[in-house]
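Structure record follows, encoded as structure tokens.
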Amino acid sequence: MAKHTLTDMPDLRAEARALARFIIGCEPGTELVERYVSAHEHLFRELVPAGELAVVSLAVRRRVLLPCLDAAAALVHPKALLHRKALLMAAVLEASPRHAEAFLPRRTGWGSLLALGAWAGVASAVQITIGLPFLWFVGRKR
Amino acid sequence: MSSADVIVVGSGASAVHAAWPLVEAGKRVLMLDVGARDETYAPLIPDLPFTALRKRDENQHRYFLGDRFEGVPFGPVRVGAQLTPPRGFITRGVEELTPVEAPDFAGMESLGAGGLASGWGAGVGRFSAQDLSGLPIGPDDLAPHYAAVEQRIGVSGEHDDLERHLGRHEGMQPGLALDTPSRLIQARYLKSRETFAREGFALGVTRLAALSREFRGRGPHRRDDLDFWADKGKAVYRPRWTLEELCTRENFTYLSGRLVLSFKERAGSLTVRVRRVDDGEGEPEEIGTRALVLAAGVFGTARIVLRSLGMYDRPVPFVTNPYTYAPCINWKMIGREAEDARHSLSQLTAVYTPADGRPLHVSIYSYRSLLTFKLMKESPLSARHGLRVMRALIPAFSIFGVHHPDEPTPLKVVTMLPASGAFPDRLRIAYGLREEESQRIEKHEKQLFRQIRKLGCFPIKRVRPGPGSSIHYGGTFPMTASPGELQTSRDGLLSGTRAVYLADGSLLRSLPAKGLTLTLMANADRVGSVVVTRV
């Protein structure tokens with residue numbers, strides 16, 4: 001199977017911005033983007049299948065698909081490259097005073113918790129339904 | 001120092017307490033240790049509580065994520081989550097210097113200054129007569145040494161229902177204040193205490209080697225929720241504090257950067273072969289001594305003993321507590337604010353005694369002291385939804401860590417394999433449970449989780465990280481009344497030697513479910529006191 005190293009990715013910076021916007025809804029500063037890029041030197045040194053890279057590339061090019069692809073990956077393939085990159089971006093954002101607040105525990109009553117659970121469930125179901133075929137089709141690339 | 005009255009190997013919980021009575025008695029003691037330390041992250045962590053530094057410190061990414069992003073693990077969650085980047089020194093150099101062949105073993109070794117107890121959860125309890133069964137020593141033999149160690153390290157806790165299981169501690173300080181989720185669990189327990197007692201379940205405030213008041217220039221605990229990251233005020237006991245005290249004594253020498261390879265006893269002489277690991281690849285040196293105390297941890301000591309005696313390919317027994325952890329939803333916490341001022345260690349301890357077995361011990365934690373992204377990784381949701389759901393659930397998460405007792409069987413062995421080709425000699429660790437042991441664990445956990453649900457905590461899942469994940473090890477060279485080959489006497493003297501003593505978990509035959517570190521320290525103090533009379 002053809003494989004590529006992750007540093008082959010053309011634009012890790014665009015990827016960082018897309019992931020941050022997806023996770024917390026705002027752009028990260030340049031420093032955080034550079035931190036995300038430098039993390040790749042340590043965490044993503046292995047070779048990965050071309051299909052995994054194609055999924056990431058599609059998610060960055062078509063940002064509307066990013067939530068769907070990540071939802072599908074988290075459910076059926078939690079070690080997928082896209083999901084691991086999303087979690088890395090979450091770690092980078094969380095460990096910064098500017099964005100830490102978005103990750104701190106939040107007091108949530110029963111009503112809000114049930115509403116949140118229902119919303120996350122329904123939204124995830126829709127996203128997975130859309131994302132799975134893309135994940136399967138694009139991920140087959142060799 | 002070219003020779004010493006006594007050489008002590010290692011600097012962990014057993015080593016420093018074995019050395020203490022020797023130094024007190026005026027013996028010249030040389031401690032040899034690899035002694036890795038954290039010189040990178042600790043100085044970066046400001047004197048702020050966990051939540052405050054998350055909101056304010058621009059440098060937090062360095063110690064939360066690590067300069068090499070070692071704090072962003074992409075593998076499955078494992079026990080030892082407390083091994084954050086500032087605690088990474090505990091296992092530094094282990095793979096290179098002490099190779100192991102153990103594909104299914106999830107255990108941990110340390111070459112760091114202070115050993116595994118540098119990241120210890122600090123839970124303490126004394127062993128009962130039942131816990132010591134099969135050994136040639138009883139609670140009365142250990143009692144004065146428990147008291148001596150407790151006065152050295154400082155213990156806090158409450159005189160509650162745990163006393164029957166964990167004993168009384170010398171000079172015990174009041175327990176550290178509980179956090180909100182744990183107070184709710186405790187209240188529910190106290191409401192139905194008699195019913196719980198009838199069903200063999202007891203709960204109380206975790207006995208900790210952590211200070212609620214100032215003691216020997218340390219503490220009190222600042223309730224800054226930083227115990228997984230830093231040792232502010234030295235409120236939580238680490239063997240390094242005792243090592244620092246020992247280093248002030250003239251008759252004590254600490255040499256770091258030394259890996260002890262083997263010992264050799266000839267007529268009238270005992271030498272230790274040592275490799276310098278901080279200074280390139282020099283020839284191993286030999287150091288003479290009158291007595292040797294091995295306290296390098298169960299695996300470290302096994303390597304030295306088996307290599308020295310040429311016992312390659314000879315299996316020796318080994319025990320480790322089977323461990324399961326379960327994240328639970330504490331439903332009474334939903335909608336409640338959890339205060340930030342807290343400690344990060346185990347808040348409550350439960351003991352469940354099944355009708356047909358030995359007690360299980362449970363450490364109860366709240367999930368607040370680590371970063372949220374680590375929990376998102378465990379969720380089957382996208383990063384965005386996972387974040388929102390986890391933020392809402394974190395205040396209600398309680399983590400129950402369950403330890404089971406362990407007995408030796410032929411399926412649990414360590415073997416020293418000889419060097420072959422390019423590979424140096426190495427330790428093979430094999431651990432398997434018999435069918436009846438697995439069934440007993442499953443059955444007792446089901447009974448236990450019934451009690452946990454009565455506390456208002458609902459397990460989401462049960463996780464068994466694998467053999468060795470309890471980080472409690474023992475049983476390799478057990479003490480017996482009439483020691484045979486590769487066994488030890490009640491004084492810790494290795495059979496067939498004149499002056500080689502063992503002073504760590506190697507000496508225990510089996511492991512009860514309760515934490516063993518206090519007992520290791522007390523027994524090491526006992527062995528050290530014996531060596532005083534022999535040198």
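If you're wondering about the labels, chains in the structure tokens are A, B, ... by order shown, residues count from 1 in each chain, ligands from 1 in order shown.
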
Could you list, as number ranges by chain, the residues of chain A having an atom within 8 Å of chain B when counting only C-alpha atoms?
A: 22-24, 39, 42-43, 67, 70-75, 78-79, 83-84, 86-88, 90-92, 94-98, 100-101, 103-110, 113, 116-117, 120, 124

Hey, what's within 12 Å of Asp278 in chain B if we count only C-alpha atoms and toss same-chain stuff fewer than 6 positions away? As a ChimeraX atom specification, please? /B:33-36,93,97,255-259

What are the DSSP strand (DSSP E or B) residues of range 54-125 of chain B, as number ranges by chain? B: 100-101, 112, 123

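Taking CA of Gln451 in chain B and CA of Phe201 in chain B as endpoints, the distance between them is 7.4 Å.
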
- DSSP alpha helix (DSSP H) residues within chain A, listed as a PyMOL selection string: chain A and resi 12-24+30-43+50-61+66-76+81-94+110-139

At a cut-off of 12 Å, using only C-alpha atoms, what residues contact Glu34 in chain A? Leave out same-chain residues fewer than 2 positions from it and give the result as JSON, numbers by chain. {"A": [11, 12, 13, 14, 15, 16, 17, 28, 29, 30, 31, 32, 36, 37, 38, 39, 40, 41, 89, 92, 93]}

Atom pair CA of Phe423 in chain B + CA of Pro99 in chain B, distance 9.2 Å

Atom pair CA of Glu39 in chain B + CA of Thr91 in chain B, distance 14.4 Å

Identify, on the basis of only C-alpha atoms, every residue whose closest approach to Arg37 in chain B does not exceed 9 Å; exclude the query and any residue fewer than 6 positions from it along the same chain; express the result as a short mmCIF file (atom, residue, chain, number, x, y, z; two decimals) with all heavy atoms, in the first residue's frame.
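Output (selection_36.cif):
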data_model
loop_
_atom_site.label_atom_id
_atom_site.label_comp_id
_atom_site.auth_asym_id
_atom_site.auth_seq_id
_atom_site.Cartn_x
_atom_site.Cartn_y
_atom_site.Cartn_z
N ARG B 87 6.16 14.46 35.47
CA ARG B 87 6.46 13.18 36.14
C ARG B 87 7.16 12.20 35.18
O ARG B 87 7.42 11.06 35.56
CB ARG B 87 5.18 12.51 36.63
CG ARG B 87 4.34 13.35 37.56
CD ARG B 87 4.91 13.36 38.96
NE ARG B 87 3.98 13.98 39.89
CZ ARG B 87 4.34 14.81 40.85
NH1 ARG B 87 5.61 15.13 41.02
NH2 ARG B 87 3.44 15.33 41.66
N GLY B 88 7.43 12.63 33.98
CA GLY B 88 8.01 11.74 32.98
C GLY B 88 9.37 11.19 33.39
O GLY B 88 9.77 10.11 32.96
N PHE B 89 10.10 11.92 34.25
CA PHE B 89 11.43 11.46 34.67
C PHE B 89 11.35 10.12 35.39
O PHE B 89 12.34 9.38 35.45
CB PHE B 89 12.09 12.50 35.58
CG PHE B 89 11.51 12.56 36.97
CD1 PHE B 89 12.08 11.84 38.00
CD2 PHE B 89 10.39 13.31 37.24
CE1 PHE B 89 11.56 11.87 39.29
CE2 PHE B 89 9.84 13.35 38.52
CZ PHE B 89 10.43 12.63 39.54
N ILE B 90 10.17 9.79 35.92
CA ILE B 90 10.05 8.55 36.71
C ILE B 90 10.42 7.34 35.86
O ILE B 90 11.04 6.40 36.34
CB ILE B 90 8.61 8.43 37.28
CG1 ILE B 90 8.36 9.54 38.31
CG2 ILE B 90 8.39 7.06 37.92
CD1 ILE B 90 6.92 9.62 38.79
N ARG B 92 12.09 7.61 32.84
CA ARG B 92 13.12 7.95 31.85
C ARG B 92 14.28 6.93 31.90
O ARG B 92 14.73 6.54 32.97
CB ARG B 92 13.67 9.35 32.12
CG ARG B 92 14.51 9.89 30.96
CD ARG B 92 15.20 11.19 31.34
NE ARG B 92 14.25 12.18 31.83
CZ ARG B 92 14.59 13.15 32.69
NH1 ARG B 92 15.81 13.25 33.15
NH2 ARG B 92 13.68 14.01 33.10
N GLY B 112 14.14 6.74 38.30
CA GLY B 112 14.15 8.14 38.75
C GLY B 112 14.51 8.25 40.22
O GLY B 112 14.32 7.31 41.00
N ALA B 113 14.99 9.42 40.61
CA ALA B 113 15.27 9.67 42.03
C ALA B 113 13.94 9.61 42.77
O ALA B 113 13.00 10.32 42.45
CB ALA B 113 15.90 11.05 42.19
N GLY B 114 13.88 8.74 43.76
CA GLY B 114 12.63 8.56 44.51
C GLY B 114 11.78 7.42 43.97
O GLY B 114 10.75 7.09 44.57
#

Set the distance at 7 Å and use only C-alpha atoms: which residues neighbour Gly219 in chain B once local chain neighbours fewer than 4 positions away are removed? I'd like the list as an mmCIF file with all heavy atoms, in the first residue's frame.
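Contents of the output file result-v1.cif:
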data_model
loop_
_atom_site.group_PDB
_atom_site.id
_atom_site.type_symbol
_atom_site.label_atom_id
_atom_site.label_comp_id
_atom_site.auth_asym_id
_atom_site.auth_seq_id
_atom_site.Cartn_x
_atom_site.Cartn_y
_atom_site.Cartn_z
ATOM 1 N N LEU B 211 -0.136 15.954 54.000
ATOM 2 C CA LEU B 211 -0.240 16.687 55.256
ATOM 3 C C LEU B 211 -1.381 17.695 55.262
ATOM 4 O O LEU B 211 -1.513 18.500 54.341
ATOM 5 C CB LEU B 211 1.076 17.424 55.519
ATOM 6 C CG LEU B 211 2.323 16.535 55.527
ATOM 7 C CD1 LEU B 211 3.583 17.376 55.606
ATOM 8 C CD2 LEU B 211 2.256 15.551 56.691
ATOM 9 N N ARG B 213 -1.523 19.488 58.086
ATOM 10 C CA ARG B 213 -0.856 20.483 58.946
ATOM 11 C C ARG B 213 0.632 20.457 58.648
ATOM 12 O O ARG B 213 1.136 19.478 58.101
ATOM 13 C CB ARG B 213 -1.066 20.137 60.420
ATOM 14 C CG ARG B 213 -2.495 20.252 60.843
ATOM 15 C CD ARG B 213 -2.654 19.851 62.289
ATOM 16 N NE ARG B 213 -4.045 19.960 62.674
ATOM 17 C CZ ARG B 213 -4.584 19.343 63.700
ATOM 18 N NH1 ARG B 213 -3.844 18.572 64.462
ATOM 19 N NH2 ARG B 213 -5.860 19.501 63.990
ATOM 20 N N GLU B 214 1.314 21.520 59.053
ATOM 21 C CA GLU B 214 2.761 21.559 58.827
ATOM 22 C C GLU B 214 3.440 20.436 59.611
ATOM 23 O O GLU B 214 2.997 20.101 60.723
ATOM 24 C CB GLU B 214 3.323 22.913 59.264
ATOM 25 C CG GLU B 214 4.726 23.111 58.748
ATOM 26 C CD GLU B 214 5.326 24.433 59.177
ATOM 27 O OE1 GLU B 214 4.561 25.335 59.538
ATOM 28 O OE2 GLU B 214 6.562 24.526 59.139
ATOM 29 N N PHE B 215 4.457 19.839 59.016
ATOM 30 C CA PHE B 215 5.121 18.693 59.650
ATOM 31 C C PHE B 215 6.536 18.586 59.095
ATOM 32 O O PHE B 215 6.718 18.521 57.877
ATOM 33 C CB PHE B 215 4.310 17.433 59.318
ATOM 34 C CG PHE B 215 4.859 16.154 59.862
ATOM 35 C CD1 PHE B 215 4.716 15.834 61.202
ATOM 36 C CD2 PHE B 215 5.500 15.254 59.025
ATOM 37 C CE1 PHE B 215 5.205 14.634 61.696
ATOM 38 C CE2 PHE B 215 5.990 14.051 59.511
ATOM 39 C CZ PHE B 215 5.842 13.741 60.854
ATOM 40 N N GLY B 233 5.073 22.799 48.189
ATOM 41 C CA GLY B 233 5.064 22.730 49.653
ATOM 42 C C GLY B 233 5.410 21.347 50.196
ATOM 43 O O GLY B 233 5.334 21.124 51.399
ATOM 44 N N LYS B 234 5.763 20.426 49.303
ATOM 45 C CA LYS B 234 6.123 19.057 49.719
ATOM 46 C C LYS B 234 5.057 18.440 50.615
ATOM 47 O O LYS B 234 5.367 17.665 51.542
ATOM 48 C CB LYS B 234 7.472 19.052 50.445
ATOM 49 C CG LYS B 234 8.624 19.545 49.581
ATOM 50 C CD LYS B 234 9.927 19.436 50.357
ATOM 51 C CE LYS B 234 11.106 19.840 49.501
ATOM 52 N NZ LYS B 234 12.360 19.824 50.230
ATOM 53 N N ALA B 235 3.808 18.782 50.382
ATOM 54 C CA ALA B 235 2.739 18.310 51.269
ATOM 55 C C ALA B 235 2.470 16.824 51.091
ATOM 56 O O ALA B 235 2.039 16.148 52.021
ATOM 57 C CB ALA B 235 1.466 19.114 51.002
#

Shortest contact to Leu518 in chain B, candidates B:Glu199, B:Asp504, B:Asp225, B:Asp140, atoms counted only C-alpha atoms, goes to B:Asp504

Find the spatial neighbours of range 10-12 of chain B, counting only C-alpha atoms, within a cut-off of 10 Å - ignore same-chain residues fewer than 4 positions away - and output them as an MDAnalysis selection string. chainID B and resid 16:19 31:35 110:118 238:240 242:243 254 256 258:260 293:297 300:301 504 521

query = Using only C-alpha atoms, which of B:Phe196, B:Trp229, B:Tyr189, B:Trp241 sits nearest Pro46 in chain B?
reply =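 Selected residue with least distance to Pro46 in chain B: B:Trp229.
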
- Item | Test item: residues at most 12 Å from Ser57 in chain A, only C-alpha atoms, excluding those fewer than 6 positions along its chain, as a ChimeraX atom specification | /A:6,8-12,14-16,18-19,50-51,63,65-66,69,81-82,85,135,138-139

Those residues with C-alpha atoms, as a PDB file, in the first residue's frame please?
ATOM      1  CA  LEU A   6       2.628  13.324   7.535  1.00  0.00           C
ATOM      2  CA  ASP A   8       4.222  15.649   3.291  1.00  0.00           C
ATOM      3  CA  MET A   9       0.987  17.445   4.067  1.00  0.00           C
ATOM      4  CA  PRO A  10       1.070  20.700   2.125  1.00  0.00           C
ATOM      5  CA  ASP A  11      -0.675  22.975   4.538  1.00  0.00           C
ATOM      6  CA  LEU A  12      -0.701  22.065   8.189  1.00  0.00           C
ATOM      7  CA  ALA A  14      -4.713  25.707   7.077  1.00  0.00           C
ATOM      8  CA  GLU A  15      -5.550  22.441   8.765  1.00  0.00           C
ATOM      9  CA  ALA A  16      -4.921  23.937  12.226  1.00  0.00           C
ATOM     10  CA  ALA A  18      -9.987  24.604  10.148  1.00  0.00           C
ATOM     11  CA  LEU A  19      -9.818  22.277  13.143  1.00  0.00           C
ATOM     12  CA  ALA A  50      -2.762   7.630   1.494  1.00  0.00           C
ATOM     13  CA  GLY A  51      -6.496   7.197   2.186  1.00  0.00           C
ATOM     14  CA  ARG A  63     -14.977  22.469   5.689  1.00  0.00           C
ATOM     15  CA  LEU A  65     -17.735  18.044   5.625  1.00  0.00           C
ATOM     16  CA  LEU A  66     -15.281  18.259   8.540  1.00  0.00           C
ATOM     17  CA  LEU A  69     -16.037  13.098   8.699  1.00  0.00           C
ATOM     18  CA  LEU A  81      -5.750  10.355  11.439  1.00  0.00           C
ATOM     19  CA  LEU A  82      -8.401  13.075  11.166  1.00  0.00           C
ATOM     20  CA  LYS A  85      -5.461  15.579  14.565  1.00  0.00           C
ATOM     21  CA  LEU A 135     -14.979   8.285   4.927  1.00  0.00           C
ATOM     22  CA  VAL A 138     -12.181   8.623   0.145  1.00  0.00           C
ATOM     23  CA  GLY A 139     -10.411   6.409   2.684  1.00  0.00           C
TER      24      GLY A 139
END
